[in-house]
file entry-v9.tsv (TSV, C-alpha atoms)
chain	number	residue	atom	x	y	z
A	1	MET	CA	185.35	95.66	177.91
A	2	ASN	CA	182.29	95.94	175.67
A	3	ARG	CA	182.62	95.14	172.00
A	4	THR	CA	180.48	96.99	169.48
A	5	SER	CA	177.36	95.08	168.64
A	6	ARG	CA	176.76	94.28	165.00
A	7	THR	CA	173.56	93.46	163.18
A	8	SER	CA	173.02	90.23	161.26
A	9	THR	CA	170.19	89.23	158.92
A	10	LYS	CA	171.47	85.66	158.60
A	11	HIS	CA	169.84	82.72	160.35
A	12	ARG	CA	172.13	82.12	163.32
A	13	VAL	CA	172.94	78.49	164.11
A	14	VAL	CA	175.01	77.88	167.25
A	15	VAL	CA	176.45	74.41	167.80
A	16	LEU	CA	177.58	73.72	171.36
A	17	GLY	CA	180.33	71.11	171.56
A	18	ALA	CA	182.79	69.85	168.96
A	19	GLY	CA	182.87	66.18	169.77
A	20	TYR	CA	181.87	63.73	167.05
A	21	ALA	CA	178.20	64.74	167.03
A	22	GLY	CA	178.68	68.51	167.14
A	23	ALA	CA	181.63	68.61	164.75
A	24	ILE	CA	179.88	66.46	162.14
A	25	THR	CA	176.63	68.44	162.44
A	26	ALA	CA	178.41	71.76	161.85
A	27	GLY	CA	180.40	70.50	158.86
A	28	ARG	CA	177.47	68.72	157.23
A	29	LEU	CA	175.13	71.69	157.71
A	30	ALA	CA	177.68	73.97	156.06
A	31	LYS	CA	177.47	71.71	152.99
A	32	ARG	CA	173.68	71.89	152.93
A	33	VAL	CA	172.96	75.62	153.23
A	34	HIS	CA	174.34	78.78	151.66
A	35	GLY	CA	176.78	80.83	153.71
A	36	ASP	CA	175.11	84.08	152.64
A	37	ASP	CA	171.96	82.99	154.43
A	38	VAL	CA	173.16	81.04	157.48
A	39	GLU	CA	175.82	81.83	160.07
A	40	ILE	CA	177.14	78.70	161.81
A	41	THR	CA	179.10	79.13	165.05
A	42	LEU	CA	180.75	76.08	166.60
A	43	VAL	CA	181.54	76.58	170.30
A	44	ASN	CA	184.04	74.34	172.07
A	45	ALA	CA	186.07	74.63	175.27
A	46	GLU	CA	189.21	73.12	173.71
A	47	PRO	CA	190.89	74.40	170.53
A	48	ASP	CA	191.43	70.86	169.19
A	49	PHE	CA	189.13	68.06	168.14
A	50	VAL	CA	189.61	65.19	170.59
A	51	GLU	CA	189.40	61.64	169.23
A	52	ARG	CA	187.51	60.27	172.18
A	53	ILE	CA	187.38	56.74	170.78
A	54	ARG	CA	191.19	56.68	170.95
A	55	LEU	CA	191.70	58.06	174.46
A	56	HIS	CA	192.59	54.61	175.80
A	57	GLN	CA	195.47	54.67	173.30
A	58	LEU	CA	196.58	58.09	174.52
A	59	ALA	CA	196.49	56.87	178.13
A	60	ALA	CA	198.61	53.84	177.20
A	61	GLY	CA	201.40	56.06	175.85
A	62	GLN	CA	200.57	56.46	172.17
A	63	ASP	CA	200.73	59.91	170.56
A	64	LEU	CA	197.69	61.22	168.72
A	65	PRO	CA	198.00	64.01	166.14
A	66	ARG	CA	196.68	67.46	167.03
A	67	ARG	CA	193.62	68.47	165.06
A	68	PRO	CA	192.96	72.20	165.59
A	69	LEU	CA	189.32	73.04	164.97
A	70	ARG	CA	190.17	76.28	163.19
A	71	ASP	CA	192.27	74.31	160.70
A	72	ILE	CA	189.50	71.76	160.19
A	73	TYR	CA	186.96	74.44	159.32
A	74	ALA	CA	189.32	76.91	157.66
A	75	ASN	CA	187.71	76.59	154.21
A	76	THR	CA	184.11	76.39	155.35
A	77	ASP	CA	181.42	78.77	156.53
A	78	VAL	CA	181.75	77.42	160.08
A	79	ARG	CA	183.02	79.98	162.59
A	80	VAL	CA	184.91	78.39	165.49
A	81	ARG	CA	184.54	80.00	168.92
A	82	ILE	CA	186.80	78.72	171.72
A	83	ALA	CA	184.91	79.23	174.96
A	84	ARG	CA	183.26	77.37	177.80
A	85	VAL	CA	179.47	77.22	177.93
A	86	ALA	CA	178.23	78.61	181.24
A	87	SER	CA	174.48	78.40	180.67
A	88	VAL	CA	171.72	78.09	178.10
A	89	ASP	CA	168.53	80.14	178.18
A	90	ALA	CA	166.26	78.32	175.77
A	91	ASP	CA	163.41	80.78	176.33
A	92	ARG	CA	165.44	83.87	175.49
A	93	LYS	CA	167.45	81.92	172.88
A	94	THR	CA	170.86	82.87	174.24
A	95	VAL	CA	173.92	81.03	175.57
A	96	GLU	CA	176.41	82.45	178.04
A	97	LEU	CA	180.06	81.84	177.15
A	98	ILE	CA	183.23	82.29	179.19
A	99	ASP	CA	186.75	82.70	177.80
A	100	GLU	CA	189.98	84.47	178.78
A	101	ASN	CA	188.40	87.83	177.90
A	102	GLY	CA	185.39	87.43	180.14
A	103	THR	CA	181.76	86.55	179.44
A	104	GLU	CA	179.61	86.92	176.36
A	105	SER	CA	175.93	86.41	175.65
A	106	LEU	CA	175.52	84.78	172.24
A	107	GLY	CA	172.12	84.80	170.59
A	108	TYR	CA	170.83	82.13	168.23
A	109	ASP	CA	167.90	81.29	166.00
A	110	THR	CA	168.62	77.56	166.10
A	111	LEU	CA	170.71	75.82	168.74
A	112	VAL	CA	172.39	72.43	168.30
A	113	TYR	CA	173.20	71.08	171.76
A	114	ALA	CA	176.07	68.58	171.57
A	115	LEU	CA	177.96	68.99	174.84
A	116	GLY	CA	178.25	65.24	175.21
A	117	SER	CA	179.17	63.33	178.35
A	118	THR	CA	181.98	62.67	180.75
A	119	ALA	CA	182.73	60.12	183.45
A	120	ALA	CA	179.75	59.84	185.77
A	121	ALA	CA	180.24	61.43	189.16
A	122	SER	CA	180.38	58.58	191.63
A	123	GLU	CA	179.18	58.44	195.20
A	124	VAL	CA	181.65	55.64	195.82
A	125	PRO	CA	184.11	56.91	198.45
A	126	GLY	CA	187.61	57.54	197.15
A	127	VAL	CA	186.84	57.74	193.42
A	128	ALA	CA	187.40	61.50	193.22
A	129	GLU	CA	190.59	61.30	195.30
A	130	TYR	CA	192.30	58.22	193.88
A	131	ALA	CA	190.77	57.07	190.60
A	132	HIS	CA	191.81	57.98	187.06
A	133	SER	CA	189.53	58.31	184.03
A	134	VAL	CA	189.84	58.00	180.25
A	135	SER	CA	186.62	59.87	179.43
A	136	GLY	CA	188.45	63.09	178.52
A	137	ARG	CA	191.82	64.15	177.14
A	138	GLN	CA	193.16	65.65	180.38
A	139	GLY	CA	192.20	62.58	182.38
A	140	ALA	CA	193.83	60.30	179.82
A	141	LEU	CA	197.03	62.37	179.96
A	142	ARG	CA	197.13	62.16	183.76
A	143	LEU	CA	196.75	58.39	183.59
A	144	ARG	CA	199.42	58.25	180.88
A	145	ALA	CA	201.91	60.03	183.16
A	146	ARG	CA	201.05	57.77	186.10
A	147	LEU	CA	201.49	54.59	184.04
A	148	ALA	CA	204.78	55.80	182.58
A	149	GLU	CA	206.31	56.18	186.04
A	150	ALA	CA	204.87	52.95	187.47
A	151	ALA	CA	207.35	50.32	188.64
A	152	PRO	CA	207.14	46.71	187.39
A	153	ASP	CA	204.43	44.63	189.08
A	154	THR	CA	202.40	47.73	189.92
A	155	THR	CA	198.75	46.71	190.23
A	156	VAL	CA	196.37	48.47	187.82
A	157	LEU	CA	192.63	47.90	188.25
A	158	ILE	CA	190.04	49.03	185.69
A	159	VAL	CA	186.59	49.28	187.27
A	160	GLY	CA	183.84	48.83	184.68
A	161	GLY	CA	183.21	46.05	182.18
A	162	GLY	CA	181.74	48.08	179.32
A	163	LEU	CA	183.45	48.98	176.07
A	164	THR	CA	185.60	51.70	177.69
A	165	GLY	CA	186.81	49.44	180.48
A	166	ILE	CA	187.58	46.50	178.19
A	167	GLU	CA	189.50	48.62	175.69
A	168	ALA	CA	191.46	50.43	178.41
A	169	ALA	CA	192.42	47.17	180.13
A	170	ALA	CA	193.64	45.53	176.92
A	171	GLU	CA	195.53	48.62	175.74
A	172	ILE	CA	197.32	49.09	179.06
A	173	ALA	CA	198.16	45.40	179.39
A	174	GLU	CA	199.65	45.31	175.89
A	175	ALA	CA	201.63	48.54	176.30
A	176	TYR	CA	202.89	47.67	179.80
A	177	PRO	CA	203.38	43.90	180.01
A	178	THR	CA	205.26	44.22	183.33
A	179	LEU	CA	202.24	45.71	185.10
A	180	ARG	CA	199.63	43.53	186.81
A	181	VAL	CA	196.39	44.56	185.12
A	182	ALA	CA	192.95	43.53	186.36
A	183	LEU	CA	189.36	44.41	185.54
A	184	ALA	CA	186.35	44.43	187.87
A	185	THR	CA	182.85	44.22	186.41
A	186	ARG	CA	179.44	44.03	188.07
A	187	ALA	CA	178.28	41.39	185.59
A	188	GLY	CA	180.07	38.78	183.49
A	189	LEU	CA	182.89	39.76	181.15
A	190	GLY	CA	181.33	40.76	177.82
A	191	ASP	CA	178.07	39.08	178.73
A	192	TRP	CA	176.15	41.20	176.20
A	193	LEU	CA	178.19	39.77	173.30
A	194	GLY	CA	177.51	36.68	171.22
A	195	GLU	CA	179.16	33.38	172.10
A	196	LYS	CA	181.98	33.68	169.55
A	197	ALA	CA	182.86	37.20	170.65
A	198	ARG	CA	182.75	36.33	174.37
A	199	HIS	CA	185.05	33.36	173.79
A	200	HIS	CA	187.52	35.52	171.88
A	201	LEU	CA	187.42	38.26	174.52
A	202	ARG	CA	188.22	35.81	177.31
A	203	GLY	CA	191.05	34.35	175.27
A	204	ALA	CA	192.53	37.80	174.63
A	205	PHE	CA	192.39	38.72	178.31
A	206	ALA	CA	194.07	35.44	179.22
A	207	ARG	CA	196.79	36.11	176.65
A	208	PHE	CA	197.40	39.57	178.12
A	209	GLY	CA	197.42	38.15	181.65
A	210	ILE	CA	194.49	40.35	182.74
A	211	THR	CA	192.80	39.14	185.90
A	212	VAL	CA	189.00	39.44	185.72
A	213	HIS	CA	186.81	39.96	188.80
A	214	GLU	CA	183.27	39.20	187.62
A	215	ASP	CA	180.05	39.94	189.55
A	216	THR	CA	182.06	42.43	191.56
A	217	ASP	CA	180.66	45.71	192.86
A	218	VAL	CA	183.36	48.13	194.02
A	219	THR	CA	182.16	50.12	197.04
A	220	ALA	CA	185.29	52.10	198.00
A	221	VAL	CA	188.59	53.16	196.43
A	222	GLU	CA	191.70	53.56	198.56
A	223	GLU	CA	195.23	54.61	197.64
A	224	ASP	CA	196.46	51.07	197.02
A	225	HIS	CA	193.32	48.89	196.86
A	226	VAL	CA	189.56	48.82	196.40
A	227	LEU	CA	186.87	47.26	198.56
A	228	THR	CA	183.90	45.32	197.20
A	229	ARG	CA	180.38	44.78	198.44
A	230	SER	CA	181.26	41.20	199.32
A	231	GLY	CA	184.11	42.41	201.53
A	232	GLU	CA	186.93	41.49	199.13
A	233	ARG	CA	190.03	43.67	199.05
A	234	ILE	CA	191.52	43.94	195.54
A	235	PRO	CA	195.04	45.40	195.15
A	236	ALA	CA	195.06	48.56	193.02
A	237	ARG	CA	197.94	50.97	193.18
A	238	ILE	CA	196.41	52.60	190.07
A	239	THR	CA	192.61	52.56	189.74
A	240	VAL	CA	190.90	53.51	186.46
A	241	TRP	CA	187.19	54.31	186.88
A	242	ALA	CA	185.22	53.36	183.77
A	243	ASN	CA	181.85	52.74	185.38
A	244	GLY	CA	179.46	54.83	183.28
A	245	PHE	CA	178.97	58.27	181.79
A	246	ALA	CA	176.90	61.33	182.65
A	247	VAL	CA	175.85	64.26	180.49
A	248	HIS	CA	176.81	67.88	181.03
A	249	PRO	CA	174.45	69.38	183.66
A	250	ILE	CA	173.68	72.61	181.78
A	251	ALA	CA	170.58	71.35	179.95
A	252	ALA	CA	168.95	70.17	183.16
A	253	ALA	CA	169.48	73.59	184.76
A	254	GLY	CA	167.18	75.34	182.27
A	255	THR	CA	163.69	74.91	180.91
A	256	LEU	CA	164.41	72.25	178.30
A	257	ASP	CA	162.52	68.99	178.74
A	258	VAL	CA	165.11	66.47	179.99
A	259	THR	CA	165.18	62.98	181.45
A	260	ASP	CA	166.04	62.32	185.08
A	261	THR	CA	169.66	61.89	183.94
A	262	GLY	CA	169.74	65.27	182.17
A	263	ARG	CA	169.49	64.14	178.56
A	264	ILE	CA	167.39	66.37	176.29
A	265	VAL	CA	164.21	64.63	175.10
A	266	VAL	CA	163.94	64.91	171.30
A	267	ASP	CA	161.53	63.88	168.57
A	268	ALA	CA	162.20	61.71	165.50
A	269	THR	CA	164.11	64.57	163.83
A	270	LEU	CA	166.17	65.29	166.98
A	271	ARG	CA	164.36	68.52	167.88
A	272	SER	CA	163.63	69.22	171.52
A	273	VAL	CA	160.06	68.31	172.37
A	274	SER	CA	159.76	71.46	174.48
A	275	HIS	CA	161.76	73.93	172.33
A	276	PRO	CA	161.59	73.16	168.58
A	277	ASP	CA	164.38	75.64	167.81
A	278	VAL	CA	166.79	73.43	169.80
A	279	TYR	CA	168.28	70.24	168.36
A	280	ALA	CA	170.19	67.77	170.54
A	281	VAL	CA	172.65	65.22	169.19
A	282	GLY	CA	175.08	62.66	170.59
A	283	ASP	CA	175.23	61.63	174.23
A	284	ALA	CA	173.27	64.71	175.32
A	285	ALA	CA	170.12	63.59	173.50
A	286	TYR	CA	167.48	61.11	174.61
A	287	ALA	CA	166.43	59.75	171.23
A	288	ILE	CA	164.46	56.63	170.35
A	289	GLY	CA	166.07	54.34	167.79
A	290	ALA	CA	165.20	51.06	166.12
A	291	GLY	CA	162.88	48.79	168.05
A	292	GLY	CA	161.64	51.66	170.20
A	293	LYS	CA	164.79	51.56	172.33
A	294	PRO	CA	166.70	54.67	173.46
A	295	LEU	CA	169.98	55.12	171.64
A	296	ARG	CA	172.96	54.41	173.87
A	297	MET	CA	175.78	56.90	174.45
A	298	SER	CA	178.24	55.97	171.71
A	299	CYS	CA	180.05	57.16	168.63
A	300	ALA	CA	177.97	54.63	166.70
A	301	ALA	CA	174.86	56.65	167.56
A	302	ALA	CA	176.45	60.12	167.48
A	303	ASN	CA	177.39	60.02	163.81
A	304	PRO	CA	173.96	59.15	162.33
A	305	MET	CA	172.31	61.52	164.79
A	306	ALA	CA	174.53	64.33	163.48
A	307	TRP	CA	173.66	63.48	159.88
A	308	LEU	CA	169.95	63.40	160.66
A	309	ALA	CA	169.99	66.69	162.61
A	310	ALA	CA	172.01	68.56	159.97
A	311	ASP	CA	169.84	67.27	157.13
A	312	GLY	CA	166.63	68.02	159.01
A	313	LEU	CA	167.66	71.55	159.94
A	314	ALA	CA	168.87	72.28	156.41
A	315	ALA	CA	165.63	70.95	154.96
A	316	ARG	CA	163.47	73.14	157.19
A	317	LEU	CA	165.52	76.24	156.41
A	318	THR	CA	165.42	75.65	152.68
A	319	GLY	CA	161.78	74.68	152.34
A	320	ARG	CA	162.21	70.95	151.85
A	321	LYS	CA	160.82	67.99	153.77
A	322	ALA	CA	162.84	66.98	156.82
A	323	PRO	CA	163.95	63.33	156.77
A	324	GLN	CA	162.78	61.00	159.54
A	325	THR	CA	165.24	58.15	159.34
A	326	GLU	CA	165.14	55.51	162.05
A	327	ILE	CA	168.60	55.16	163.56
A	328	GLY	CA	169.81	51.63	164.17
A	329	TYR	CA	173.05	49.76	164.74
A	330	ARG	CA	175.03	47.32	162.61
A	331	PHE	CA	177.94	46.27	164.82
A	332	GLN	CA	179.93	46.99	167.96
A	333	CYS	CA	183.69	47.42	167.59
A	334	ILE	CA	185.99	46.60	170.52
A	335	SER	CA	189.74	47.05	170.24
A	336	LEU	CA	191.94	44.63	172.17
A	337	GLY	CA	195.27	46.36	171.87
A	338	ARG	CA	196.72	47.35	168.50
A	339	HIS	CA	196.58	43.98	166.75
A	340	ASP	CA	193.36	42.37	167.93
A	341	ALA	CA	189.71	43.36	168.09
A	342	ILE	CA	186.12	42.16	168.03
A	343	VAL	CA	183.49	43.34	165.57
A	344	GLN	CA	180.21	42.03	166.96
A	345	HIS	CA	177.37	42.13	164.43
A	346	VAL	CA	174.13	43.32	166.00
A	347	THR	CA	170.50	43.86	165.06
A	348	PRO	CA	169.30	47.43	164.43
A	349	ASP	CA	168.10	47.54	168.06
A	350	ASP	CA	171.56	46.50	169.30
A	351	ARG	CA	171.05	42.80	170.09
A	352	PRO	CA	174.00	40.52	169.27
A	353	LYS	CA	173.93	38.23	166.27
A	354	PRO	CA	175.91	34.97	166.14
A	355	LYS	CA	178.28	36.50	163.59
A	356	ALA	CA	181.44	38.25	164.80
A	357	MET	CA	184.77	39.16	163.23
A	358	THR	CA	187.83	38.73	165.45
A	359	GLY	CA	191.61	39.02	165.41
A	360	ARG	CA	193.75	41.09	163.05
A	361	ASN	CA	191.02	41.48	160.44
A	362	ALA	CA	188.72	42.94	163.08
A	363	ALA	CA	191.52	45.26	164.25
A	364	ARG	CA	192.01	46.49	160.69
A	365	PHE	CA	188.26	47.00	160.29
A	366	LYS	CA	187.97	49.03	163.48
A	367	GLU	CA	190.99	51.13	162.54
A	368	MET	CA	189.38	51.82	159.17
A	369	ILE	CA	186.17	52.97	160.88
A	370	CYS	CA	188.03	55.22	163.32
A	371	SER	CA	190.26	56.71	160.61
A	372	ALA	CA	187.35	57.30	158.24
A	373	THR	CA	185.39	59.10	160.94
A	374	THR	CA	188.31	61.38	161.75
A	375	TRP	CA	189.07	61.98	158.08
A	376	SER	CA	185.49	63.06	157.44
A	377	LEU	CA	185.80	65.61	160.24
A	378	GLY	CA	189.09	66.93	158.90
A	379	HIS	CA	187.78	67.27	155.34
A	380	PRO	CA	184.23	68.63	155.63
A	381	THR	CA	184.47	70.38	152.26
A	382	ASN	CA	185.16	67.05	150.53
A	383	LEU	CA	181.97	65.39	151.74
A	384	MET	CA	178.86	64.91	149.65
A	385	PRO	CA	176.51	66.54	148.96
A	386	SER	CA	178.25	69.62	147.57
A	387	ARG	CA	175.16	71.56	146.51
A	388	ARG	CA	174.12	74.24	148.97
A	389	HIS	CA	170.53	75.43	148.99
A	390	ARG	CA	169.32	78.95	149.66
A	391	VAL	CA	167.26	79.63	152.74
A	392	THR	CA	163.54	80.17	152.15
A	393	THR	CA	162.56	80.67	155.81
A	394	PRO	CA	162.08	84.41	156.45
A	395	THR	CA	164.95	85.96	158.42
A	396	THR	CA	164.86	88.95	160.69
A	397	THR	CA	167.42	91.43	161.87
A	398	HIS	CA	169.19	90.38	165.05
A	399	PRO	CA	171.29	92.82	167.08
A	400	GLU	CA	174.03	90.75	168.70
A	401	PRO	CA	174.43	91.16	172.45
A	402	ALA	CA	177.49	93.10	173.54
A	403	THR	CA	180.27	91.39	175.44
A	404	ALA	CA	180.58	92.37	179.07

call {"tool": "encode", "arguments": {"input": "entry-v9.tsv", "output": "structure tokens"}}
result
Amino acid sequence: MNRTSRTSTKHRVVVLGAGYAGAITAGRLAKRVHGDDVEITLVNAEPDFVERIRLHQLAAGQDLPRRPLRDIYANTDVRVRIARVASVDADRKTVELIDENGTESLGYDTLVYALGSTAAASEVPGVAEYAHSVSGRQGALRLRARLAEAAPDTTVLIVGGGLTGIEAAAEIAEAYPTLRVALATRAGLGDWLGEKARHHLRGAFARFGITVHEDTDVTAVEEDHVLTRSGERIPARITVWANGFAVHPIAAAGTLDVTDTGRIVVDATLRSVSHPDVYAVGDAAYAIGAGGKPLRMSCAAANPMAWLAADGLAARLTGRKAPQTEIGYRFQCISLGRHDAIVQHVTPDDRPKPKAMTGRNAARFKEMICSATTWSLGHPTNLMPSRRHRVTTPTTTHPEPATA
């Protein structure tokens, strides 16, 4: 069924994805510009905001509160649209959406691409058939159900020694002490951390009884074990695949300039180098940070990228100078269950410093960071600055495409 098209003279901003980067960008932009001049539409496939940095907790059996996006933005000028993004035409400045009512072509003047990442598709045989993931809410819920029904002494193997794998292993081991939890990593356990942090991490894993298989490359996943490149057979009745992330493929399918991994190449203000009316934030963006190094896929990078993109877009629309702030890091936070953690201090270009906070104080610090981030999303109208500027960029009349 076709809906009647309407005409808008507002500058149309469409934000794709309501993860940390997209959600923060939409809320912050709404605080920067006047609602009479700018129409902000936030598109997301799920009706709720998903606390991705807590999905290992969800998988381990903890309940997370629902955070409906329409409630979050109820008192703002952000319009929430629940739909799946089918494609982006950056030349025609439209996005194709799919929901229960069919398809819709949505036009924009400025696009903020924040579709994020998910578990990387693996060519390792058996991953798709037998492995679980904690990269998304549905995957975490499936793992949660599998762990809840597991008998004592069931073998659980986490494949991947990055932040996701470490946090998942510790959370599961703490929540299910009768399970036999192990972790396989291609390198050494926490080998990117400073000496103090590595020592604490190894001590925590020993306390939890987690077996660590270092310098181990998993080459196949079976129903009750995995095989390694060296020919070792590791028991794994439940396998959790945490071996990297990949971005949504939509950007790579169009004319946007992307890397060989599909991340949108952006300038210092997070605008696409090929399409200046497109901003990319979060995991979907290939942005250079402090020290000339690409920002890694992380919440630690997503938040400042969102601030920078929102401030830059607002400045351009309202006739002010766009900021060009170099994004750097201060620390890496790693939870080790509910009562232990590591806060590794790092240089702006993400190299470890000798200083690290550990134990309960670190756990409290990480919880404060996670809670503050979620609170800021749930209270966008309480964030500074409160002054909204009027748009000075000329606007034109845009007939909105009808829905097919």

call {"tool": "atom_distance", "arguments": {"input": "entry-v9.tsv", "atom1": "atom CA of A:Ala251", "atom2": "atom CA of A:Ile264"}}
result
7.0 Å

call {"tool": "residues_around", "arguments": {"input": "entry-v9.tsv", "residues": "stretch 142-158 of chain A", "least_positions_apart": "6", "cutoff": "6 Å", "atoms": "all atoms listed in the file", "output": "PyMOL selection string"}}
result
chain A and resi 59-61+178-183+236-240

call {"tool": "write_last_selection", "arguments": {"input": "entry-v9.tsv", "atoms": "C-alpha atoms", "output": "mmCIF file, keeping the file's coordinate frame"}}
result
data_model
loop_
_atom_site.group_PDB
_atom_site.id
_atom_site.type_symbol
_atom_site.label_atom_id
_atom_site.label_comp_id
_atom_site.auth_asym_id
_atom_site.auth_seq_id
_atom_site.Cartn_x
_atom_site.Cartn_y
_atom_site.Cartn_z
ATOM 1 C CA ALA A 59 196.490 56.870 178.130
ATOM 2 C CA ALA A 60 198.610 53.840 177.200
ATOM 3 C CA GLY A 61 201.400 56.060 175.850
ATOM 4 C CA THR A 178 205.260 44.220 183.330
ATOM 5 C CA LEU A 179 202.240 45.710 185.100
ATOM 6 C CA ARG A 180 199.630 43.530 186.810
ATOM 7 C CA VAL A 181 196.390 44.560 185.120
ATOM 8 C CA ALA A 182 192.950 43.530 186.360
ATOM 9 C CA LEU A 183 189.360 44.410 185.540
ATOM 10 C CA ALA A 236 195.060 48.560 193.020
ATOM 11 C CA ARG A 237 197.940 50.970 193.180
ATOM 12 C CA ILE A 238 196.410 52.600 190.070
ATOM 13 C CA THR A 239 192.610 52.560 189.740
ATOM 14 C CA VAL A 240 190.900 53.510 186.460
#

call {"tool": "residues_around", "arguments": {"input": "entry-v9.tsv", "residues": "A:Ala290", "least_positions_apart": "3", "cutoff": "7 Å", "atoms": "all atoms listed in the file", "output": "PyMOL selection string"}}
result
chain A and resi 293+326-328+348-349

call {"tool": "write_last_selection", "arguments": {"input": "entry-v9.tsv", "atoms": "C-alpha atoms", "output": "PDB file, in the frame of the given file"}}
result
ATOM      1  CA  LYS A 293     164.790  51.560 172.330  1.00  0.00           C
ATOM      2  CA  GLU A 326     165.140  55.510 162.050  1.00  0.00           C
ATOM      3  CA  ILE A 327     168.600  55.160 163.560  1.00  0.00           C
ATOM      4  CA  GLY A 328     169.810  51.630 164.170  1.00  0.00           C
ATOM      5  CA  PRO A 348     169.300  47.430 164.430  1.00  0.00           C
ATOM      6  CA  ASP A 349     168.100  47.540 168.060  1.00  0.00           C
TER       7      ASP A 349
END

call {"tool": "atom_distance", "arguments": {"input": "entry-v9.tsv", "atom1": "atom CA of A:Ala114", "atom2": "atom CA of A:Thr164"}}
result
20.3 Å

call {"tool": "atom_distance", "arguments": {"input": "entry-v9.tsv", "atom1": "atom CA of A:Ile98", "atom2": "atom CA of A:Phe49"}}
result
19.0 Å

call {"tool": "residues_near_point", "arguments": {"input": "entry-v9.tsv", "point": "(169.9, 65.8, 182.2)", "cutoff": "8 Å", "atoms": "all atoms listed in the file", "output": "PDB file with C-alpha atoms, in the coordinates of the input"}}
result
ATOM      1  CA  VAL A 247     175.850  64.260 180.490  1.00  0.00           C
ATOM      2  CA  HIS A 248     176.810  67.880 181.030  1.00  0.00           C
ATOM      3  CA  PRO A 249     174.450  69.380 183.660  1.00  0.00           C
ATOM      4  CA  ILE A 250     173.680  72.610 181.780  1.00  0.00           C
ATOM      5  CA  ALA A 251     170.580  71.350 179.950  1.00  0.00           C
ATOM      6  CA  ALA A 252     168.950  70.170 183.160  1.00  0.00           C
ATOM      7  CA  VAL A 258     165.110  66.470 179.990  1.00  0.00           C
ATOM      8  CA  THR A 259     165.180  62.980 181.450  1.00  0.00           C
ATOM      9  CA  ASP A 260     166.040  62.320 185.080  1.00  0.00           C
ATOM     10  CA  THR A 261     169.660  61.890 183.940  1.00  0.00           C
ATOM     11  CA  GLY A 262     169.740  65.270 182.170  1.00  0.00           C
ATOM     12  CA  ARG A 263     169.490  64.140 178.560  1.00  0.00           C
ATOM     13  CA  ILE A 264     167.390  66.370 176.290  1.00  0.00           C
ATOM     14  CA  ALA A 284     173.270  64.710 175.320  1.00  0.00           C
TER      15      ALA A 284
END

call {"tool": "axis_aligned_box", "arguments": {"input": "entry-v9.tsv", "around": "stretch 340-349 of chain A", "padding_each_side": "3 Å", "output": "AutoDock Vina command-line options"}}
result
--center_x 180.7 --center_y 44.8 --center_z 166.3 --size_x 31.3 --size_y 11.5 --size_z 9.7

call {"tool": "closest_residue", "arguments": {"input": "entry-v9.tsv", "among": "A:Val13, A:Gly231, A:Val127, A:Gly337", "to": "A:Tyr176", "atoms": "all atoms listed in the file"}}
result
A:Gly337

call {"tool": "closest_residue", "arguments": {"input": "entry-v9.tsv", "among": "A:Thr269, A:Ser274, A:Thr228, A:Thr373", "to": "A:Gln324", "atoms": "only C-alpha atoms"}}
result
A:Thr269

call {"tool": "closest_residue", "arguments": {"input": "entry-v9.tsv", "among": "A:Leu193, A:Leu55, A:Ala184, A:Ile166", "to": "A:Arg233", "atoms": "only C-alpha atoms"}}
result
A:Ala184

call {"tool": "residues_around", "arguments": {"input": "entry-v9.tsv", "residues": "A:Phe205", "least_positions_apart": "5", "cutoff": "9 Å", "atoms": "all atoms listed in the file", "output": "list of chain:residue names"}}
result
A:Ala169, A:Ala170, A:Ala173, A:His200, A:Ile210, A:Thr211, A:Val212, A:Leu336

call {"tool": "residues_around", "arguments": {"input": "entry-v9.tsv", "residues": "A:Leu69", "least_positions_apart": "4", "cutoff": "9 Å", "atoms": "all atoms listed in the file", "output": "short mmCIF file (atom, residue, chain, number, x, y, z; two decimals) with C-alpha atoms, in the frame of the given file"}}
result
data_model
loop_
_atom_site.label_atom_id
_atom_site.label_comp_id
_atom_site.auth_asym_id
_atom_site.auth_seq_id
_atom_site.Cartn_x
_atom_site.Cartn_y
_atom_site.Cartn_z
CA ALA A 18 182.79 69.85 168.96
CA ALA A 23 181.63 68.61 164.75
CA ASN A 44 184.04 74.34 172.07
CA GLU A 46 189.21 73.12 173.71
CA PRO A 47 190.89 74.40 170.53
CA ASP A 48 191.43 70.86 169.19
CA PHE A 49 189.13 68.06 168.14
CA TYR A 73 186.96 74.44 159.32
CA ALA A 74 189.32 76.91 157.66
CA VAL A 80 184.91 78.39 165.49
CA GLY A 378 189.09 66.93 158.90
#

call {"tool": "residues_around", "arguments": {"input": "entry-v9.tsv", "residues": "stretch 311-320 of chain A", "least_positions_apart": "4", "cutoff": "12 Å", "atoms": "only C-alpha atoms", "output": "VMD selection string"}}
result
chain A and resid 10 to 13 24 to 35 37 to 38 40 109 to 112 267 to 271 276 to 280 304 to 307 324 to 325 384 to 385 387 to 395

call {"tool": "closest_residue", "arguments": {"input": "entry-v9.tsv", "among": "A:Leu106, A:Ile334, A:Ala356, A:Val281", "to": "A:Ala302", "atoms": "all atoms listed in the file"}}
result
A:Val281

call {"tool": "closest_residue", "arguments": {"input": "entry-v9.tsv", "among": "A:Gly160, A:Gly291, A:Gly244, A:Pro125", "to": "A:Leu227", "atoms": "all atoms listed in the file"}}
result
A:Pro125
